[in-house]
Amino acid sequence: MSRAETEASTAGDYVFDRIADVSQADPPIEQPTAGIVHDLGNLIQVASSALNRVARDPSVSTAPALKPVIASAMTALQRAGALVRETVGGAAANYRSLEHASVSACLTEVENLLRSAWDTSFRLDVRAGTDLATAKCDPLGLQNAVLNLVFNARDAMPSGGLISISAATIVHGCATIVEFRVEDCGIGMTRETVLRAFDPFFTTKGKGLGGIGLPMVKHFAERYGGSVDIESVFGAGTAVILRLPAMQAR
């Protein structure tokens, strides 16, 4: 996928507010409930923003430009339904199966979901290297992991700014990995915050469903033998690097 910088012309109200905090004694990261609620929250944010834009348009029935907006909302809701079905229908069987994800298709889907619902104060820059390897992971889980990182980057820039997503295939010795980088130019993190960033329910946010996203991304990466790291400079921005093993070429 070539470089793409997207700016929504009219995104309407900024309705990406997160659901209320979950308060439990034991972090349920190994249980699906908190993660499913969080991922559903991200997807519903996209759908809600798009539908709000549709509702405010006086010529909804005659505006061709609204078709991709409606399609994005419908796709997000379908993804939410898929998460519920995966949980209820038996995620264990899927876990044991060999899963793989097209990196380019994932980034395209994420970009399409965000394009029509993105606030005008934010810009999205998506770059993917050539000859990207296929990632050894669940495609839907990869999309949700990237969305989590993008929403975290957005939250780190209260006044808006540029969020960059990049993906590349990297060879380390005999191992081939797919590396994703999500970068922002926001407030950054202190060293103490970086050290605790993956702790379940640790958050620097005053309100909303904080402290779930990064632990879920870490759990997703480690499930497939990958990893996630943070590079941050307080006051200058943050980069989160998600690494996943690549499928062996046949």
# chains A, B, ... in the order shown; residues from 1 in each chain; ligands from 1
>>> closest_atom_pairs(of="range 93-211 of chain A", to="range 243-247 of chain A", cutoff="12 Å", atoms="only C-alpha atoms", output="tab-separated table")
residue	atom	partner	partner_atom	distance
A:Leu98	CA	A:Met247	CA	9.8
A:Glu99	CA	A:Met247	CA	9.2
A:His100	CA	A:Met247	CA	7.2
A:Ala101	CA	A:Met247	CA	9.1
A:Ser102	CA	A:Ala246	CA	10.2
A:Val103	CA	A:Ala246	CA	10.2
A:Leu132	CA	A:Ala246	CA	9.3
A:Ala133	CA	A:Ala246	CA	5.9
A:Thr134	CA	A:Ala246	CA	5.6
A:Ala135	CA	A:Ala246	CA	4.5
A:Lys136	CA	A:Met247	CA	5.3
A:Cys137	CA	A:Leu244	CA	7.6
A:Asp138	CA	A:Leu244	CA	10.9
A:Pro139	CA	A:Leu244	CA	12.0
A:Gly141	CA	A:Leu244	CA	12.0
A:Leu142	CA	A:Leu244	CA	9.6
A:Ala145	CA	A:Arg243	CA	11.4
A:Val146	CA	A:Arg243	CA	11.5
A:Ser166	CA	A:Arg243	CA	11.8
A:Ala167	CA	A:Arg243	CA	9.6
A:Ala168	CA	A:Arg243	CA	9.8
A:Thr169	CA	A:Ala246	CA	8.1
A:Ile170	CA	A:Ala246	CA	9.2
A:Val171	CA	A:Ala246	CA	9.7
A:His172	CA	A:Pro245	CA	10.7
A:Cys174	CA	A:Ala246	CA	11.5
A:Ala175	CA	A:Pro245	CA	7.8
A:Thr176	CA	A:Ala246	CA	5.6
A:Ile177	CA	A:Pro245	CA	4.4
A:Val178	CA	A:Leu244	CA	5.3
A:Glu179	CA	A:Arg243	CA	4.5
A:Phe180	CA	A:Arg243	CA	6.3
A:Arg181	CA	A:Arg243	CA	8.8
A:Val182	CA	A:Arg243	CA	11.6
>>> residues_around(residues="range 62-78 of chain A", least_positions_apart="2", cutoff="7 Å", atoms="only C-alpha atoms", output="number ranges by chain")
A: 43-44, 46-47, 50-51, 54, 59-60, 80-82, 112-113, 116
>>> atom_distance(atom1="CA of Thr193 in chain A", atom2="CA of Leu140 in chain A")
28.6 Å
>>> atom_distance(atom1="CA of Asp184 in chain A", atom2="CA of Trp118 in chain A")
15.1 Å
>>> select_by_dssp(residues="range 160-200 of chain A", states="alpha helix (DSSP H)", output="ChimeraX atom specification")
/A:191-196
>>> write_last_selection(atoms="N, CA, C and O atoms", output="tab-separated table (two decimals), in the first residue's frame")
chain	number	residue	atom	x	y	z
A	191	ARG	N	9.59	8.06	32.18
A	191	ARG	CA	10.15	6.71	32.29
A	191	ARG	C	9.29	5.85	33.22
A	191	ARG	O	9.07	4.66	32.95
A	192	GLU	N	8.79	6.44	34.28
A	192	GLU	CA	7.96	5.69	35.22
A	192	GLU	C	6.66	5.22	34.56
A	192	GLU	O	6.21	4.09	34.79
A	193	THR	N	6.09	6.06	33.71
A	193	THR	CA	4.86	5.69	33.02
A	193	THR	C	5.11	4.57	32.02
A	193	THR	O	4.32	3.63	31.91
A	194	VAL	N	6.21	4.65	31.29
A	194	VAL	CA	6.56	3.60	30.32
A	194	VAL	C	6.69	2.26	31.03
A	194	VAL	O	6.22	1.23	30.53
A	195	LEU	N	7.33	2.25	32.20
A	195	LEU	CA	7.54	1.00	32.93
A	195	LEU	C	6.23	0.37	33.40
A	195	LEU	O	6.15	-0.85	33.56
A	196	ARG	N	5.21	1.19	33.57
A	196	ARG	CA	3.92	0.67	34.05
A	196	ARG	C	2.85	0.62	32.97
A	196	ARG	O	1.71	0.22	33.25
>>> atom_distance(atom1="CA of Pro215 in chain A", atom2="CA of Ala236 in chain A")
23.0 Å
>>> closest_residue(among="A:Val233, A:Ile187, A:Ile165, A:Leu40", to="Leu149 in chain A", atoms="only C-alpha atoms")
A:Ile165
